[in-house]
$ cat entry-v5.pdb   # PDB, C-alpha atoms, pLDDT in the B column
ATOM      1  CA  MET A   9     -14.576 -25.043   3.249  1.00 51.00           C
ATOM      2  CA  ARG A  10     -11.058 -24.667   4.639  1.00 51.00           C
ATOM      3  CA  ARG A  11     -10.591 -21.404   2.746  1.00 48.00           C
ATOM      4  CA  LEU A  12     -13.823 -20.051   4.208  1.00 44.00           C
ATOM      5  CA  ALA A  13     -12.625 -20.920   7.702  1.00 44.00           C
ATOM      6  CA  ILE A  14      -9.321 -19.126   7.118  1.00 46.00           C
ATOM      7  CA  LEU A  15     -11.063 -16.046   5.706  1.00 45.00           C
ATOM      8  CA  SER A  16     -13.446 -15.998   8.676  1.00 45.00           C
ATOM      9  CA  LEU A  17     -10.519 -16.202  11.062  1.00 44.00           C
ATOM     10  CA  LEU A  18      -8.786 -13.267   9.348  1.00 45.00           C
ATOM     11  CA  VAL A  19     -11.928 -11.160   9.547  1.00 46.00           C
ATOM     12  CA  LEU A  20     -12.530 -12.030  13.190  1.00 45.00           C
ATOM     13  CA  CYS A  21      -9.006 -11.149  14.279  1.00 55.00           C
ATOM     14  CA  ALA A  22      -9.036  -8.021  12.082  1.00 72.00           C
ATOM     15  CA  CYS A  23      -5.602  -8.960  10.825  1.00 88.00           C
ATOM     16  CA  PRO A  24      -4.385  -6.918   7.906  1.00 92.00           C
ATOM     17  CA  PRO A  25      -3.965  -8.832   4.662  1.00 95.00           C
ATOM     18  CA  PRO A  26      -0.387  -9.796   3.813  1.00 95.00           C
ATOM     19  CA  CYS A  27       1.543  -7.343   1.651  1.00 95.00           C
ATOM     20  CA  LYS A  28       1.959  -9.894  -1.122  1.00 94.00           C
ATOM     21  CA  GLN A  29      -1.804 -10.429  -1.317  1.00 95.00           C
ATOM     22  CA  VAL A  30      -2.422  -6.674  -1.521  1.00 95.00           C
ATOM     23  CA  CYS A  31       0.231  -6.258  -4.221  1.00 93.00           C
ATOM     24  CA  ARG A  32      -1.153  -9.171  -6.241  1.00 92.00           C
ATOM     25  CA  LYS A  33      -4.603  -7.590  -6.243  1.00 93.00           C
ATOM     26  CA  VAL A  34      -3.342  -4.202  -7.395  1.00 90.00           C
ATOM     27  CA  LEU A  35      -0.807  -5.456  -9.926  1.00 89.00           C
ATOM     28  CA  PHE A  36      -2.565  -8.494 -11.371  1.00 88.00           C
ATOM     29  CA  ASP A  37      -6.238  -8.783 -10.427  1.00 91.00           C
ATOM     30  CA  CYS A  38      -6.997  -5.112 -11.070  1.00 90.00           C
ATOM     31  CA  ASP A  39      -4.311  -4.640 -13.707  1.00 85.00           C
ATOM     32  CA  LEU A  40      -3.335  -1.327 -12.131  1.00 81.00           C
ATOM     33  CA  ASP A  41       0.310  -2.127 -12.490  1.00 66.00           C
ATOM     34  CA  SER A  42       2.924   0.319 -13.455  1.00 65.00           C
ATOM     35  CA  GLU A  43       5.799  -0.758 -15.627  1.00 68.00           C
ATOM     36  CA  ARG A  44       7.981   0.524 -12.829  1.00 68.00           C
ATOM     37  CA  VAL A  45       6.817  -1.870 -10.119  1.00 78.00           C
ATOM     38  CA  ALA A  46       7.112  -5.651  -9.947  1.00 87.00           C
ATOM     39  CA  LEU A  47       5.411  -7.937  -7.436  1.00 89.00           C
ATOM     40  CA  ALA A  48       8.594  -8.533  -5.443  1.00 92.00           C
ATOM     41  CA  GLU A  49       9.343  -4.805  -5.297  1.00 91.00           C
ATOM     42  CA  CYS A  50       5.780  -3.949  -4.237  1.00 91.00           C
ATOM     43  CA  THR A  51       5.778  -6.624  -1.532  1.00 94.00           C
ATOM     44  CA  GLU A  52       9.195  -5.595  -0.252  1.00 94.00           C
ATOM     45  CA  SER A  53       8.203  -1.929  -0.129  1.00 92.00           C
ATOM     46  CA  CYS A  54       4.994  -2.707   1.760  1.00 94.00           C
ATOM     47  CA  THR A  55       6.820  -4.945   4.236  1.00 96.00           C
ATOM     48  CA  ARG A  56       9.591  -2.379   4.700  1.00 95.00           C
ATOM     49  CA  GLN A  57       7.039   0.359   5.418  1.00 94.00           C
ATOM     50  CA  GLU A  58       5.406  -1.819   8.077  1.00 96.00           C
ATOM     51  CA  GLY A  59       8.797  -2.541   9.626  1.00 95.00           C
ATOM     52  CA  MET A  60       9.727   1.123   9.622  1.00 94.00           C
ATOM     53  CA  PHE A  61       6.559   2.092  11.505  1.00 95.00           C
ATOM     54  CA  ARG A  62       7.194  -0.703  14.009  1.00 95.00           C
ATOM     55  CA  GLN A  63      10.791   0.438  14.488  1.00 96.00           C
ATOM     56  CA  TRP A  64       9.618   4.013  15.037  1.00 94.00           C
ATOM     57  CA  LYS A  65       7.051   2.652  17.509  1.00 96.00           C
ATOM     58  CA  ASN A  66       4.476   4.766  15.670  1.00 94.00           C
ATOM     59  CA  GLN A  67       1.252   2.869  16.288  1.00 96.00           C
ATOM     60  CA  GLU A  68      -0.840   5.536  14.551  1.00 95.00           C
ATOM     61  CA  LEU A  69       1.020   5.144  11.228  1.00 95.00           C
ATOM     62  CA  LEU A  70       1.151   1.372  11.615  1.00 96.00           C
ATOM     63  CA  ASP A  71      -2.628   1.239  12.114  1.00 96.00           C
ATOM     64  CA  LEU A  72      -3.115   3.539   9.114  1.00 96.00           C
ATOM     65  CA  HIS A  73      -0.873   1.251   7.035  1.00 96.00           C
ATOM     66  CA  PHE A  74      -2.939  -1.789   8.063  1.00 97.00           C
ATOM     67  CA  ASP A  75      -6.193   0.079   7.366  1.00 97.00           C
ATOM     68  CA  HIS A  76      -4.886   0.960   3.917  1.00 96.00           C
ATOM     69  CA  ARG A  77      -4.126  -2.691   3.166  1.00 96.00           C
ATOM     70  CA  ARG A  78      -7.634  -3.633   4.297  1.00 97.00           C
ATOM     71  CA  CYS A  79      -9.090  -0.854   2.137  1.00 96.00           C
ATOM     72  CA  VAL A  80      -7.306  -2.197  -0.951  1.00 96.00           C
ATOM     73  CA  MET A  81      -8.577  -5.708  -0.366  1.00 96.00           C
ATOM     74  CA  GLN A  82     -12.151  -4.577   0.332  1.00 96.00           C
ATOM     75  CA  SER A  83     -12.398  -2.188  -2.631  1.00 96.00           C
ATOM     76  CA  SER A  84     -13.330  -3.085  -6.161  1.00 95.00           C
ATOM     77  CA  CYS A  85     -10.807  -2.577  -8.935  1.00 93.00           C
ATOM     78  CA  ASP A  86     -12.867   0.347 -10.260  1.00 93.00           C
ATOM     79  CA  GLU A  87     -12.854   1.963  -6.825  1.00 94.00           C
ATOM     80  CA  LEU A  88      -9.085   1.531  -6.605  1.00 92.00           C
ATOM     81  CA  ALA A  89      -8.604   3.020 -10.065  1.00 90.00           C
ATOM     82  CA  ASP A  90     -10.673   6.009  -8.913  1.00 90.00           C
ATOM     83  CA  GLY A  91      -8.402   6.479  -5.886  1.00 88.00           C
ATOM     84  CA  SER A  92     -10.687   5.148  -3.160  1.00 91.00           C
ATOM     85  CA  CYS A  93      -7.753   4.061  -1.013  1.00 93.00           C
ATOM     86  CA  TYR A  94      -5.742   7.220  -1.449  1.00 88.00           C
ATOM     87  CA  GLU A  95      -8.045   9.708   0.271  1.00 87.00           C
ATOM     88  CA  GLY A  96      -7.582   9.473   4.003  1.00 90.00           C
ATOM     89  CA  PHE A  97      -4.255   7.688   3.607  1.00 92.00           C
ATOM     90  CA  GLU A  98      -2.165  10.569   2.220  1.00 89.00           C
ATOM     91  CA  GLU A  99       0.135  10.456   5.233  1.00 89.00           C
ATOM     92  CA  LEU A 100       1.417   7.077   4.020  1.00 89.00           C
ATOM     93  CA  PHE A 101       2.485   8.475   0.663  1.00 82.00           C
ATOM     94  CA  PRO A 102       5.449  10.885   0.736  1.00 74.00           C
ATOM     95  CA  PHE A 103       4.530  12.267  -2.656  1.00 68.00           C
ATOM     96  CA  ASP A 104       1.624  14.073  -4.244  1.00 60.00           C
ATOM     97  CA  PRO A 105       0.757  12.416  -7.567  1.00 56.00           C
ATOM     98  CA  ASP A 106      -0.872  15.627  -8.807  1.00 60.00           C
ATOM     99  CA  LYS A 107       2.046  17.863  -7.931  1.00 55.00           C
ATOM    100  CA  GLU A 108       4.554  18.613 -10.641  1.00 53.00           C
ATOM    101  CA  LEU A 109       8.104  18.027  -9.530  1.00 46.00           C
ATOM    102  CA  THR A 110      10.687  20.643 -10.332  1.00 49.00           C
ATOM    103  CA  VAL A 111      14.289  19.815 -10.982  1.00 48.00           C
ATOM    104  CA  LEU A 112      16.674  21.918  -8.966  1.00 47.00           C
ATOM    105  CA  PRO A 113      19.870  23.012 -10.651  1.00 51.00           C
ATOM    106  CA  THR A 114      22.938  21.285  -9.367  1.00 51.00           C
ATOM    107  CA  SER A 115      25.892  23.328  -8.320  1.00 49.00           C
ATOM    108  CA  THR A 116      29.188  22.698  -9.984  1.00 49.00           C
ATOM    109  CA  PRO A 117      32.388  22.791  -7.991  1.00 51.00           C
ATOM    110  CA  GLU A 118      34.687  25.640  -8.906  1.00 49.00           C
TER     111      GLU A 118
END
$ encode --input "entry-v5.pdb" --output "structure tokens"
Amino acid sequence: MRRLAILSLLVLCACPPPCKQVCRKVLFDCDLDSERVALAECTESCTRQEGMFRQWKNQELLDLHFDHRRCVMQSSCDELADGSCYEGFEELFPFDPDKELTVLPTSTPE
């Protein structure tokens, strides 16, 4: 009963889910983890991104970040695996997962 009351309160205030909760869903519940990312690293990255948008006073990106967290929590694992929370949120990701990266040659001092 208490859990239901807390969930209702979160929905009513439209608060974004905590970063740790979002990361747990992706990494553990949906088993979409990458060997490169641990829970602490995911949570820290999410929290840092929120802080960065607050520091920049960029409400548009902050709202998009919160909407993305809500999207993850409201989507099924299959939807997440299919990229449901990537489309429309590309601005949050500074990389294109489909784009091949090229390595630039490094110059050597003479």
$ atom_distance --input "entry-v5.pdb" --atom1 "CA of Ala48 (chain A)" --atom2 "CA of Asp90 (chain A)"
24.4 Å
$ resolve_selection --input "entry-v5.pdb" --expression "the PyMOL selection byres ((chain A and resi 78) around 12)" --output "number ranges by chain"
A: 18-19, 22-27, 29-31, 33, 71-77, 79-84, 92-93, 97
$ closest_residue --input "entry-v5.pdb" --among "A:Tyr94, A:Asp39, A:Phe101, A:Leu47" --to "Leu69 (chain A)" --atoms "all atoms listed in the file"
A:Phe101
$ atom_distance --input "entry-v5.pdb" --atom1 "CA of Gly91 (chain A)" --atom2 "CA of Trp64 (chain A)"
27.7 Å
$ atom_distance --input "entry-v5.pdb" --atom1 "CA of Leu70 (chain A)" --atom2 "CA of Lys28 (chain A)"
17.0 Å
$ closest_residue --input "entry-v5.pdb" --among "A:Asp86, A:Arg32, A:Glu68, A:Gln63" --to "Val45 (chain A)" --atoms "only C-alpha atoms"
A:Arg32
